[in-house]
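**Q** Take a look at this one; I'll ask things after.
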Amino acid sequence: MSDADRAWIERALAAWRFACREITGIRSVPSFRAIFFDERCVRTSSDALTSSTAEGVSWSDAPHDGKIHLPNGQEIDAGTTCFTSGKDGLFFFAMSTPSVWGRTSVERGADLERTMTAVMLHEASHVAQLGPYGKRLGALIERNSLPDSFNDDCVEERFRTNLDFAASVGKETNLFLQAAAEKDDLQARLLVDDALQLVRARQARWQVGGDAYLVEAEDLWLTFEGAGQWTAYQWVTSPQGGAQPAEDTVPRFVRGPWSQTEGFAVFMALDRIAGPSWKRHAYGDGNKMVLEMLDDALAKD
């Protein structure tokens with residue numbers, strides 16, 4: 001692996017350790033295998049995402065033949081990717097390096113590396129979530145006999161052609177973002193309450209009958225994806241991280257899949273009205289999902 005790719009991996013892991021200490025408060029994660037690869041070489045580590053220091057990380061390097069063999073027995077092409085998996089209790093993280101991403105990305109240099117680090121932090125935050133929330137997700141899948149294709153886009157895939165449903169998602173997202181930016185505490189809470197009422201009305205109208213399970217699924221995926229986006233955003237805008245202006249960064253986080261866009265807005269609003277207390281659930285015990293946390297925050301005087 002090139003010196004440049006290895007150096008980026010070290011910087012990205014340093015950003016992860018910074019995010020754990022200063023942003024998320026993540027203290028411990030399950031044993032997790034990290035896999036980084038370029039077009040020729042794959043680097044693996046069992047402690048890259050769990051060690052609190054760079055010195056505590058051990059690596060194993062090996063050549064590959066264009067296919068990356070994953071711990072679950074599957075294989076993927078050595079292309080642009082980043083994901084975390086915890087299916088059946090087998091936890092691993094996989095990501096390609098800047099030399100691979102650069103073949104298809106319009107970004108270059110520092111811009112590409114900053115984007116990749118943000119993506120890595122999003123996915124790595126799931127490392128802390130898969131333990132506490134994974135059981136709940138697995139129970140939902142088993143209870144409803146959901147297919148292997150079930151994922152964070154399930155609500156969008158089901159309702160994207162429903163214009164009223166999509167319009168409500170857009171309104172909710174905007175209200176949550178307005179609440180996050182609101183300087184007045186009472187007005188911020190009122191905006192969150194308005195947004196939540198829209199969410200509940202949308203769910204009561206359409207996520208019923210055979211689609212009723214999507215109420216819980218939506219809350220779970222908003223929790224996963226929103227927390228991941230919030231982590232990435234906080235690093236990108238931190239002076240010790242990506243050092244990017246917030247006003248230039250927010251628009252980049254509100255375009256994309258519903259679960260990520262609205263999830264980001266929800267966590268921005270939650271952080272505004274509840275402070276950091278929510279992190280003990282979202283990155284810790286998993287006892288509450290994000291919409292439940294908003295309800296609790298609004299219930300407090």
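Every chain in the structure tokens has a letter given in the order shown (A, B, ...), and although residue numbers restart at 1 in each chain, ligands are simply numbered from 1 in the order shown.
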Contacts of stretch 116-132 of chain A at 8 Å or less, counting only C-alpha atoms, minus same-chain residues fewer than 3 places along, as a PyMOL selection string?
**A** chain A and resi 12+15-16+19+26+28-30+32+49+82-84+86+91+93+95+98+112-113+135-136+224-225+227-233+235-236+282-287
**Q** Take the residues just selected and output them with C-alpha atoms as a PDB file, in the first residue's frame.
**A**
```pdb
ATOM      1  CA  ALA A  12      -8.707   8.951   9.692  1.00  0.00           C
ATOM      2  CA  ALA A  15     -10.070  11.574  13.714  1.00  0.00           C
ATOM      3  CA  TRP A  16     -12.067   8.592  15.002  1.00  0.00           C
ATOM      4  CA  ALA A  19     -14.542  11.950  17.763  1.00  0.00           C
ATOM      5  CA  ILE A  26     -18.043   6.621  22.939  1.00  0.00           C
ATOM      6  CA  SER A  28     -16.181   1.110  24.399  1.00  0.00           C
ATOM      7  CA  VAL A  29     -17.173  -0.877  21.345  1.00  0.00           C
ATOM      8  CA  PRO A  30     -17.361  -4.605  20.662  1.00  0.00           C
ATOM      9  CA  PHE A  32     -14.449  -5.151  15.565  1.00  0.00           C
ATOM     10  CA  LEU A  49     -11.336   1.045  15.948  1.00  0.00           C
ATOM     11  CA  CYS A  82     -17.345   2.131   3.068  1.00  0.00           C
ATOM     12  CA  PHE A  83     -19.689   0.127   5.306  1.00  0.00           C
ATOM     13  CA  THR A  84     -20.129  -1.512   8.686  1.00  0.00           C
ATOM     14  CA  GLY A  86     -22.936  -6.646  12.339  1.00  0.00           C
ATOM     15  CA  PHE A  91     -18.826  -7.241  13.382  1.00  0.00           C
ATOM     16  CA  PHE A  93     -15.853  -2.384   9.007  1.00  0.00           C
ATOM     17  CA  MET A  95     -13.349   0.862   3.428  1.00  0.00           C
ATOM     18  CA  PRO A  98      -8.116   7.575  -1.317  1.00  0.00           C
ATOM     19  CA  LEU A 112     -11.467  14.199  -0.967  1.00  0.00           C
ATOM     20  CA  GLU A 113      -9.720  13.182   2.237  1.00  0.00           C
ATOM     21  CA  LYS A 135     -30.737  -6.838  18.770  1.00  0.00           C
ATOM     22  CA  ARG A 136     -33.751  -4.592  18.369  1.00  0.00           C
ATOM     23  CA  PHE A 224     -28.556   4.852  13.104  1.00  0.00           C
ATOM     24  CA  GLU A 225     -28.164   7.187  10.141  1.00  0.00           C
ATOM     25  CA  ALA A 227     -26.290   9.768  14.655  1.00  0.00           C
ATOM     26  CA  GLY A 228     -23.763   8.830  11.996  1.00  0.00           C
ATOM     27  CA  GLN A 229     -24.394  12.048  10.091  1.00  0.00           C
ATOM     28  CA  TRP A 230     -24.274  14.132  13.273  1.00  0.00           C
ATOM     29  CA  THR A 231     -20.893  12.635  14.174  1.00  0.00           C
ATOM     30  CA  ALA A 232     -19.498  13.375  10.734  1.00  0.00           C
ATOM     31  CA  TYR A 233     -20.883  16.924  10.733  1.00  0.00           C
ATOM     32  CA  TRP A 235     -15.971  16.610  13.005  1.00  0.00           C
ATOM     33  CA  VAL A 236     -16.169  18.443   9.671  1.00  0.00           C
ATOM     34  CA  ALA A 282     -27.533   6.830  20.814  1.00  0.00           C
ATOM     35  CA  TYR A 283     -23.895   5.777  21.286  1.00  0.00           C
ATOM     36  CA  GLY A 284     -24.237   3.794  24.488  1.00  0.00           C
ATOM     37  CA  ASP A 285     -27.018   1.690  25.954  1.00  0.00           C
ATOM     38  CA  GLY A 286     -29.484   1.925  23.047  1.00  0.00           C
ATOM     39  CA  ASN A 287     -32.413   2.109  25.463  1.00  0.00           C
TER      40      ASN A 287
END
```
**Q** Taking the DSSP assignment computed from this structure's backbone, write out as a ChimeraX atom specification all residues of stretch 238-287 of chain A that belong to helix (DSSP H, G or I).
**A** /A:246-253,258-285
**Q** For the residues selected in the previous step, produce a file with N, CA and C atoms as a short mmCIF file (atom, residue, chain, number, x, y, z; two decimals), in the first residue's frame.
**A**
```
data_model
loop_
_atom_site.label_atom_id
_atom_site.label_comp_id
_atom_site.auth_asym_id
_atom_site.auth_seq_id
_atom_site.Cartn_x
_atom_site.Cartn_y
_atom_site.Cartn_z
N ALA A 246 -19.87 26.10 9.37
CA ALA A 246 -21.14 25.39 9.51
C ALA A 246 -22.11 25.76 8.41
N GLU A 247 -22.15 27.05 8.04
CA GLU A 247 -23.11 27.49 7.03
C GLU A 247 -22.84 26.88 5.66
N ASP A 248 -21.60 26.50 5.41
CA ASP A 248 -21.27 25.85 4.15
C ASP A 248 -21.46 24.34 4.22
N THR A 249 -21.50 23.81 5.44
CA THR A 249 -21.51 22.37 5.63
C THR A 249 -22.91 21.79 5.73
N VAL A 250 -23.82 22.50 6.42
CA VAL A 250 -25.17 21.98 6.61
C VAL A 250 -25.83 21.57 5.28
N PRO A 251 -25.76 22.41 4.22
CA PRO A 251 -26.40 22.01 2.96
C PRO A 251 -25.90 20.68 2.41
N ARG A 252 -24.68 20.32 2.70
CA ARG A 252 -24.13 19.04 2.21
C ARG A 252 -24.71 17.85 2.95
N PHE A 253 -25.24 18.10 4.15
CA PHE A 253 -25.78 17.02 4.96
C PHE A 253 -27.30 16.89 4.83
N TRP A 258 -33.55 9.81 2.62
CA TRP A 258 -34.40 10.34 3.69
C TRP A 258 -33.84 10.02 5.07
N SER A 259 -33.42 8.79 5.27
CA SER A 259 -32.98 8.38 6.61
C SER A 259 -31.78 9.20 7.07
N GLN A 260 -30.89 9.55 6.15
CA GLN A 260 -29.73 10.36 6.52
C GLN A 260 -30.10 11.83 6.64
N THR A 261 -30.90 12.33 5.70
CA THR A 261 -31.25 13.75 5.71
C THR A 261 -32.11 14.11 6.91
N GLU A 262 -33.23 13.41 7.09
CA GLU A 262 -34.09 13.72 8.23
C GLU A 262 -33.43 13.28 9.53
N GLY A 263 -32.69 12.17 9.49
CA GLY A 263 -32.00 11.73 10.69
C GLY A 263 -31.02 12.78 11.19
N PHE A 264 -30.27 13.38 10.28
CA PHE A 264 -29.35 14.45 10.65
C PHE A 264 -30.10 15.62 11.27
N ALA A 265 -31.19 16.03 10.62
CA ALA A 265 -31.98 17.16 11.13
C ALA A 265 -32.55 16.87 12.51
N VAL A 266 -33.01 15.64 12.71
CA VAL A 266 -33.58 15.26 14.01
C VAL A 266 -32.53 15.35 15.11
N PHE A 267 -31.33 14.84 14.85
CA PHE A 267 -30.29 14.89 15.88
C PHE A 267 -29.79 16.31 16.12
N MET A 268 -29.76 17.13 15.09
CA MET A 268 -29.40 18.53 15.29
C MET A 268 -30.41 19.21 16.21
N ALA A 269 -31.71 18.93 16.00
CA ALA A 269 -32.75 19.50 16.83
C ALA A 269 -32.69 18.93 18.25
N LEU A 270 -32.46 17.62 18.36
CA LEU A 270 -32.38 16.99 19.68
C LEU A 270 -31.24 17.58 20.48
N ASP A 271 -30.09 17.75 19.86
CA ASP A 271 -28.95 18.31 20.55
C ASP A 271 -29.24 19.75 21.00
N ARG A 272 -30.03 20.46 20.21
CA ARG A 272 -30.37 21.85 20.55
C ARG A 272 -31.26 21.93 21.79
N ILE A 273 -32.24 21.06 21.92
CA ILE A 273 -33.20 21.21 23.02
C ILE A 273 -32.88 20.32 24.22
N ALA A 274 -32.03 19.31 24.03
CA ALA A 274 -31.76 18.36 25.12
C ALA A 274 -30.34 18.43 25.63
N GLY A 275 -29.44 19.05 24.85
CA GLY A 275 -28.05 19.01 25.26
C GLY A 275 -27.45 17.64 25.01
N PRO A 276 -26.28 17.35 25.58
CA PRO A 276 -25.56 16.12 25.25
C PRO A 276 -26.08 14.84 25.91
N SER A 277 -27.12 14.94 26.74
CA SER A 277 -27.55 13.76 27.50
C SER A 277 -27.99 12.61 26.60
N TRP A 278 -28.45 12.91 25.39
CA TRP A 278 -28.94 11.88 24.48
C TRP A 278 -27.85 10.89 24.05
N LYS A 279 -26.60 11.31 24.14
CA LYS A 279 -25.51 10.48 23.63
C LYS A 279 -25.40 9.16 24.38
N ARG A 280 -25.80 9.13 25.64
CA ARG A 280 -25.69 7.89 26.41
C ARG A 280 -26.58 6.80 25.85
N HIS A 281 -27.63 7.19 25.12
CA HIS A 281 -28.49 6.21 24.45
C HIS A 281 -28.01 5.93 23.03
N ALA A 282 -27.84 7.00 22.24
CA ALA A 282 -27.53 6.83 20.81
C ALA A 282 -26.20 6.14 20.57
N TYR A 283 -25.22 6.38 21.44
CA TYR A 283 -23.89 5.78 21.29
C TYR A 283 -23.56 4.82 22.43
N GLY A 284 -24.54 4.58 23.31
CA GLY A 284 -24.24 3.79 24.49
C GLY A 284 -25.15 2.62 24.72
N ASP A 285 -26.20 2.83 25.55
CA ASP A 285 -27.02 1.69 25.95
C ASP A 285 -28.11 1.32 24.96
#
```
**Q** Can you list, as a ChimeraX atom specification, every protein, DNA or RNA residue that comes within 10 Å of A:Ser60 when you count only C-alpha atoms, leaving out same-chain residues fewer than 2 positions away?
**A** /A:35,42-46,58,62
**Q** Which residues are close to A:Arg202, i.e. within 9 Å by only C-alpha atoms, leaving aside same-chain residues fewer than 5 positions away? Reply as an mmCIF file with C-alpha atoms, in the first residue's frame.
**A**
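Now in selection-v5.cif:
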```
data_model
loop_
_atom_site.group_PDB
_atom_site.id
_atom_site.type_symbol
_atom_site.label_atom_id
_atom_site.label_comp_id
_atom_site.auth_asym_id
_atom_site.auth_seq_id
_atom_site.Cartn_x
_atom_site.Cartn_y
_atom_site.Cartn_z
ATOM 1 C CA ASP A 164 -47.901 13.842 0.064
ATOM 2 C CA PHE A 165 -45.731 11.509 2.142
ATOM 3 C CA SER A 168 -44.294 15.796 4.768
ATOM 4 C CA VAL A 169 -40.786 14.365 5.160
ATOM 5 C CA GLN A 197 -46.740 16.237 15.093
ATOM 6 C CA GLN A 207 -47.628 3.508 8.017
#
```
**Q** Any idea what the distance is between atom CA of A:Leu90 and atom CA of A:Ser31?
**A** 9.2 Å
**Q** At what distance in Å, to one decimal, does atom CA of A:Thr161 lie from atom CA of A:Asp219?
**A**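 Pair atom CA of A:Asp219 / atom CA of A:Thr161 returns 20.6 Å.
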**Q** Report as number ranges by chain all protein, DNA and RNA residues lying within 10 Å of stretch 52-57 of chain A, evaluated on only C-alpha atoms, omitting residues in the same chain fewer than 4 positions from it.
**A** A: 10-11, 13-14, 16-18, 20-21, 27-28, 45-48
**Q** Grab the residues selected above and save them as a CSV table (one decimal), in the first residue's frame with C-alpha atoms.
**A**
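Saved result, selection-v9.csv, follows:
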```
chain,number,residue,atom,x,y,z
A,10,GLU,CA,-3.7,6.9,10.3
A,11,ARG,CA,-5.2,10.4,10.0
A,13,LEU,CA,-8.2,6.7,12.8
A,14,ALA,CA,-6.9,9.7,14.7
A,16,TRP,CA,-12.1,8.6,15.0
A,17,ARG,CA,-10.3,8.7,18.3
A,18,PHE,CA,-10.8,12.4,18.6
A,20,CYS,CA,-14.8,9.3,20.5
A,21,ARG,CA,-13.2,11.6,23.1
A,27,ARG,CA,-16.1,4.7,25.6
A,28,SER,CA,-16.2,1.1,24.4
A,45,SER,CA,-6.7,-4.9,12.2
A,46,SER,CA,-8.7,-6.2,15.1
A,47,ASP,CA,-8.0,-3.2,17.2
A,48,ALA,CA,-7.9,-0.1,14.9
```
